Amino acid sequence: MSNITLTDLKPAEGSTSKSKRVGRGRSSGHGKTSCRGHNGEGQRSGNASKRGFEGGQMPAYRRLPKLKGFQVYSKVNYAQINVGRLDALGLKEVSLDSLKEVLTIHPSCVGLRVLGNGEIKSAVTVKASYVTPSAKEKIEAAGGKVELV
């Protein structure tokens, strides 16, 4: 393969075009009004209409309704509890059902997530959908058991 030099470099085919020379007479095709039309804001120099301006027509951002977000219907809600709160509950077995009896948990919650913040001293059996690695380590170090449901 031959060496490429700076003299060999050129833009890709069709990537460049000549600049439009306006105001150079009628025969150029860009004469008289210089492609700006006859009257109005766009024909004057220095003025540009603001973003979203549609020539006086009610702009789209005012025509359309303002919807506040959207509802995710397939969302799965989990009750969350930290390892540090398990001691205070005084339960030997911690599950979503046992927590619903002791704490106020929203009825839409379908699973339990145990997070690793805090310390635990008593041995408890935890039945949860998800247990963080640090929480599992702390529960097992205290003599407890972790079961994934």
# chains A, B, ... in the order shown; residues from 1 in each chain; ligands from 1
$ residues_around --residues "Ser108 in chain A" --least-positions-apart "2" --cutoff "7 Å" --atoms "only C-alpha atoms" --output "list in words"
Asn77, His106 and Val110 of chain A
$ select_by_dssp --residues "chain A" --states "alpha helix (DSSP H)" --output "list in words"
Ala60, Tyr61, Arg62, Arg63, Leu86, Asp87, Ala88, Leu89, Leu96, Asp97, Ser98, Leu99, Lys100, Glu101, Val102, Pro133, Ser134, Ala135, Lys136, Glu137, Lys138, Ile139, Glu140 and Ala141 of chain A
$ write_last_selection --atoms "N, CA and C atoms" --output "PDB file, in the first residue's frame"
ATOM      1  N   ALA A  60     -46.993  25.010  19.021  1.00  0.00           N
ATOM      2  CA  ALA A  60     -47.256  23.650  19.479  1.00  0.00           C
ATOM      3  C   ALA A  60     -47.119  23.527  20.992  1.00  0.00           C
ATOM      4  N   TYR A  61     -46.150  24.222  21.581  1.00  0.00           N
ATOM      5  CA  TYR A  61     -45.948  24.085  23.021  1.00  0.00           C
ATOM      6  C   TYR A  61     -47.090  24.692  23.821  1.00  0.00           C
ATOM      7  N   ARG A  62     -47.946  25.502  23.182  1.00  0.00           N
ATOM      8  CA  ARG A  62     -49.133  26.012  23.860  1.00  0.00           C
ATOM      9  C   ARG A  62     -50.393  25.263  23.441  1.00  0.00           C
ATOM     10  N   ARG A  63     -50.382  24.659  22.247  1.00  0.00           N
ATOM     11  CA  ARG A  63     -51.543  23.903  21.777  1.00  0.00           C
ATOM     12  C   ARG A  63     -51.704  22.573  22.499  1.00  0.00           C
ATOM     13  N   LEU A  86     -33.845  -4.624  62.465  1.00  0.00           N
ATOM     14  CA  LEU A  86     -34.360  -5.979  62.710  1.00  0.00           C
ATOM     15  C   LEU A  86     -34.357  -6.331  64.199  1.00  0.00           C
ATOM     16  N   ASP A  87     -33.340  -5.863  64.935  1.00  0.00           N
ATOM     17  CA  ASP A  87     -33.266  -6.136  66.380  1.00  0.00           C
ATOM     18  C   ASP A  87     -34.454  -5.525  67.117  1.00  0.00           C
ATOM     19  N   ALA A  88     -34.799  -4.290  66.772  1.00  0.00           N
ATOM     20  CA  ALA A  88     -35.850  -3.558  67.477  1.00  0.00           C
ATOM     21  C   ALA A  88     -37.233  -4.182  67.262  1.00  0.00           C
ATOM     22  N   LEU A  89     -37.416  -4.949  66.194  1.00  0.00           N
ATOM     23  CA  LEU A  89     -38.725  -5.544  65.914  1.00  0.00           C
ATOM     24  C   LEU A  89     -39.047  -6.685  66.869  1.00  0.00           C
ATOM     25  N   LEU A  96     -42.206 -10.628  54.713  1.00  0.00           N
ATOM     26  CA  LEU A  96     -43.111  -9.535  54.353  1.00  0.00           C
ATOM     27  C   LEU A  96     -44.398  -9.605  55.172  1.00  0.00           C
ATOM     28  N   ASP A  97     -44.926 -10.818  55.370  1.00  0.00           N
ATOM     29  CA  ASP A  97     -46.171 -10.964  56.140  1.00  0.00           C
ATOM     30  C   ASP A  97     -45.985 -10.583  57.603  1.00  0.00           C
ATOM     31  N   SER A  98     -44.866 -11.017  58.202  1.00  0.00           N
ATOM     32  CA  SER A  98     -44.634 -10.683  59.615  1.00  0.00           C
ATOM     33  C   SER A  98     -44.397  -9.190  59.793  1.00  0.00           C
ATOM     34  N   LEU A  99     -43.773  -8.540  58.789  1.00  0.00           N
ATOM     35  CA  LEU A  99     -43.554  -7.094  58.876  1.00  0.00           C
ATOM     36  C   LEU A  99     -44.859  -6.326  58.715  1.00  0.00           C
ATOM     37  N   LYS A 100     -45.792  -6.861  57.907  1.00  0.00           N
ATOM     38  CA  LYS A 100     -47.078  -6.183  57.726  1.00  0.00           C
ATOM     39  C   LYS A 100     -47.866  -6.153  59.028  1.00  0.00           C
ATOM     40  N   GLU A 101     -47.660  -7.162  59.900  1.00  0.00           N
ATOM     41  CA  GLU A 101     -48.341  -7.186  61.206  1.00  0.00           C
ATOM     42  C   GLU A 101     -47.733  -6.160  62.150  1.00  0.00           C
ATOM     43  N   VAL A 102     -46.401  -5.998  62.086  1.00  0.00           N
ATOM     44  CA  VAL A 102     -45.699  -5.134  63.045  1.00  0.00           C
ATOM     45  C   VAL A 102     -45.617  -3.688  62.553  1.00  0.00           C
ATOM     46  N   PRO A 133     -25.465  -8.058  49.756  1.00  0.00           N
ATOM     47  CA  PRO A 133     -24.363  -8.889  50.263  1.00  0.00           C
ATOM     48  C   PRO A 133     -23.895  -8.502  51.666  1.00  0.00           C
ATOM     49  N   SER A 134     -23.841  -7.187  51.950  1.00  0.00           N
ATOM     50  CA  SER A 134     -23.392  -6.755  53.281  1.00  0.00           C
ATOM     51  C   SER A 134     -24.418  -7.134  54.342  1.00  0.00           C
ATOM     52  N   ALA A 135     -25.725  -7.062  54.010  1.00  0.00           N
ATOM     53  CA  ALA A 135     -26.764  -7.438  54.965  1.00  0.00           C
ATOM     54  C   ALA A 135     -26.703  -8.932  55.248  1.00  0.00           C
ATOM     55  N   LYS A 136     -26.503  -9.741  54.209  1.00  0.00           N
ATOM     56  CA  LYS A 136     -26.411 -11.193  54.374  1.00  0.00           C
ATOM     57  C   LYS A 136     -25.232 -11.555  55.275  1.00  0.00           C
ATOM     58  N   GLU A 137     -24.123 -10.870  55.070  1.00  0.00           N
ATOM     59  CA  GLU A 137     -22.917 -11.104  55.879  1.00  0.00           C
ATOM     60  C   GLU A 137     -23.176 -10.791  57.350  1.00  0.00           C
ATOM     61  N   LYS A 138     -23.855  -9.680  57.622  1.00  0.00           N
ATOM     62  CA  LYS A 138     -24.127  -9.264  59.011  1.00  0.00           C
ATOM     63  C   LYS A 138     -25.117 -10.206  59.686  1.00  0.00           C
ATOM     64  N   ILE A 139     -26.143 -10.641  58.954  1.00  0.00           N
ATOM     65  CA  ILE A 139     -27.151 -11.534  59.531  1.00  0.00           C
ATOM     66  C   ILE A 139     -26.525 -12.885  59.871  1.00  0.00           C
ATOM     67  N   GLU A 140     -25.719 -13.428  58.963  1.00  0.00           N
ATOM     68  CA  GLU A 140     -25.079 -14.725  59.194  1.00  0.00           C
ATOM     69  C   GLU A 140     -24.008 -14.640  60.275  1.00  0.00           C
ATOM     70  N   ALA A 141     -23.343 -13.497  60.399  1.00  0.00           N
ATOM     71  CA  ALA A 141     -22.338 -13.304  61.457  1.00  0.00           C
ATOM     72  C   ALA A 141     -22.993 -13.293  62.833  1.00  0.00           C
TER      73      ALA A 141
END
$ residues_around --residues "Ser34 in chain A" --least-positions-apart "2" --cutoff "6 Å" --atoms "only C-alpha atoms" --output "NGL selection string"
:A and (22-23 or 30-32 or 36)
$ residues_around --residues "range 112-122 of chain A" --least-positions-apart "4" --cutoff "6 Å" --atoms "only C-alpha atoms" --output "number ranges by chain"
A: 78-84, 96, 128-132, 134-135, 142
$ write_last_selection --atoms "all heavy atoms" --output "CSV table (one decimal), in the first residue's frame"
chain,number,residue,atom,x,y,z
A,78,TYR,N,-41.4,-2.8,46.4
A,78,TYR,CA,-40.8,-3.6,47.5
A,78,TYR,C,-40.8,-2.9,48.8
A,78,TYR,O,-40.5,-1.7,48.8
A,78,TYR,CB,-39.3,-4.0,47.1
A,78,TYR,CG,-39.2,-5.0,45.9
A,78,TYR,CD1,-39.0,-4.5,44.7
A,78,TYR,CD2,-39.4,-6.3,46.2
A,78,TYR,CE1,-38.9,-5.4,43.6
A,78,TYR,CE2,-39.3,-7.2,45.1
A,78,TYR,CZ,-39.0,-6.8,43.8
A,78,TYR,OH,-38.9,-7.7,42.8
A,79,ALA,N,-41.0,-3.5,49.9
A,79,ALA,CA,-40.8,-3.0,51.2
A,79,ALA,C,-39.3,-3.1,51.5
A,79,ALA,O,-38.7,-4.1,51.2
A,79,ALA,CB,-41.7,-3.7,52.2
A,80,GLN,N,-38.8,-2.0,52.0
A,80,GLN,CA,-37.3,-2.1,52.3
A,80,GLN,C,-37.1,-1.9,53.8
A,80,GLN,O,-37.8,-1.1,54.5
A,80,GLN,CB,-36.6,-1.0,51.6
A,80,GLN,CG,-36.6,-1.1,50.1
A,80,GLN,CD,-35.9,0.0,49.4
A,80,GLN,OE1,-35.5,1.0,50.0
A,80,GLN,NE2,-35.7,-0.2,48.1
A,81,ILE,N,-36.2,-2.6,54.4
A,81,ILE,CA,-35.8,-2.5,55.8
A,81,ILE,C,-34.3,-2.7,55.9
A,81,ILE,O,-33.7,-3.5,55.2
A,81,ILE,CB,-36.6,-3.5,56.7
A,81,ILE,CG1,-36.4,-3.1,58.1
A,81,ILE,CG2,-36.2,-4.9,56.4
A,81,ILE,CD1,-37.4,-3.8,59.1
A,82,ASN,N,-33.7,-1.9,56.8
A,82,ASN,CA,-32.3,-2.0,57.1
A,82,ASN,C,-32.0,-3.0,58.2
A,82,ASN,O,-32.9,-3.3,59.0
A,82,ASN,CB,-31.7,-0.7,57.5
A,82,ASN,CG,-31.4,0.2,56.3
A,82,ASN,OD1,-30.7,-0.2,55.4
A,82,ASN,ND2,-31.9,1.4,56.3
A,83,VAL,N,-30.9,-3.6,58.1
A,83,VAL,CA,-30.5,-4.7,59.1
A,83,VAL,C,-30.5,-4.1,60.5
A,83,VAL,O,-30.9,-4.8,61.5
A,83,VAL,CB,-29.0,-5.2,58.8
A,83,VAL,CG1,-28.5,-6.0,59.9
A,83,VAL,CG2,-29.0,-5.9,57.5
A,84,GLY,N,-30.2,-2.8,60.7
A,84,GLY,CA,-30.2,-2.2,62.0
A,84,GLY,C,-31.5,-2.1,62.7
A,84,GLY,O,-31.6,-2.0,63.9
A,96,LEU,N,-42.2,-10.6,54.7
A,96,LEU,CA,-43.1,-9.5,54.4
A,96,LEU,C,-44.4,-9.6,55.2
A,96,LEU,O,-44.9,-8.6,55.7
A,96,LEU,CB,-43.4,-9.6,52.9
A,96,LEU,CG,-44.3,-8.5,52.3
A,96,LEU,CD1,-43.6,-7.1,52.5
A,96,LEU,CD2,-44.7,-8.7,50.9
A,128,ALA,N,-36.7,-13.0,52.3
A,128,ALA,CA,-36.9,-11.8,51.5
A,128,ALA,C,-36.7,-12.1,50.0
A,128,ALA,O,-36.1,-13.1,49.7
A,128,ALA,CB,-35.9,-10.8,52.0
A,129,SER,N,-37.1,-11.1,49.2
A,129,SER,CA,-36.9,-11.3,47.8
A,129,SER,C,-35.5,-10.9,47.4
A,129,SER,O,-35.0,-11.5,46.5
A,129,SER,CB,-37.8,-10.3,47.1
A,129,SER,OG,-39.2,-10.5,47.4
A,130,TYR,N,-34.9,-10.0,48.2
A,130,TYR,CA,-33.5,-9.6,47.9
A,130,TYR,C,-32.8,-9.2,49.2
A,130,TYR,O,-33.4,-8.5,50.0
A,130,TYR,CB,-33.5,-8.4,46.9
A,130,TYR,CG,-32.2,-7.9,46.6
A,130,TYR,CD1,-31.3,-8.5,45.7
A,130,TYR,CD2,-31.7,-6.7,47.2
A,130,TYR,CE1,-30.0,-8.0,45.5
A,130,TYR,CE2,-30.5,-6.2,46.9
A,130,TYR,CZ,-29.6,-6.8,46.1
A,130,TYR,OH,-28.4,-6.3,45.8
A,131,VAL,N,-31.6,-9.6,49.3
A,131,VAL,CA,-30.8,-9.2,50.5
A,131,VAL,C,-29.4,-8.8,49.9
A,131,VAL,O,-28.8,-9.5,49.1
A,131,VAL,CB,-30.6,-10.4,51.4
A,131,VAL,CG1,-29.8,-10.0,52.6
A,131,VAL,CG2,-31.9,-11.0,51.9
A,132,THR,N,-29.0,-7.6,50.3
A,132,THR,CA,-27.7,-7.1,49.9
A,132,THR,C,-26.6,-8.0,50.5
A,132,THR,O,-26.8,-8.6,51.5
A,132,THR,CB,-27.5,-5.6,50.3
A,132,THR,OG1,-27.5,-5.5,51.7
A,132,THR,CG2,-28.5,-4.7,49.7
A,134,SER,N,-23.8,-7.2,52.0
A,134,SER,CA,-23.4,-6.8,53.3
A,134,SER,C,-24.4,-7.1,54.3
A,134,SER,O,-24.1,-7.5,55.5
A,134,SER,CB,-23.1,-5.2,53.3
A,134,SER,OG,-24.3,-4.5,53.0
A,135,ALA,N,-25.7,-7.1,54.0
A,135,ALA,CA,-26.8,-7.4,55.0
A,135,ALA,C,-26.7,-8.9,55.2
A,135,ALA,O,-26.8,-9.4,56.4
A,135,ALA,CB,-28.1,-7.1,54.4
A,142,ALA,N,-24.3,-12.8,62.9
A,142,ALA,CA,-25.0,-12.8,64.2
A,142,ALA,C,-25.6,-14.1,64.5
A,142,ALA,O,-26.3,-14.3,65.5
A,142,ALA,CB,-26.0,-11.7,64.1
$ select_by_dssp --residues "chain A" --states "strand (DSSP E)" --output "MDAnalysis selection string"
chainID A and resid 77:82 93:94 109:115 125:128 130:131 145:148
$ atom_distance --atom1 "CA of Glu147 in chain A" --atom2 "CA of Thr125 in chain A"
7.5 Å
$ atom_distance --atom1 "CA of Gln57 in chain A" --atom2 "CA of Cys35 in chain A"
23.2 Å
$ atom_distance --atom1 "CA of Lys127 in chain A" --atom2 "CA of Ser95 in chain A"
4.9 Å
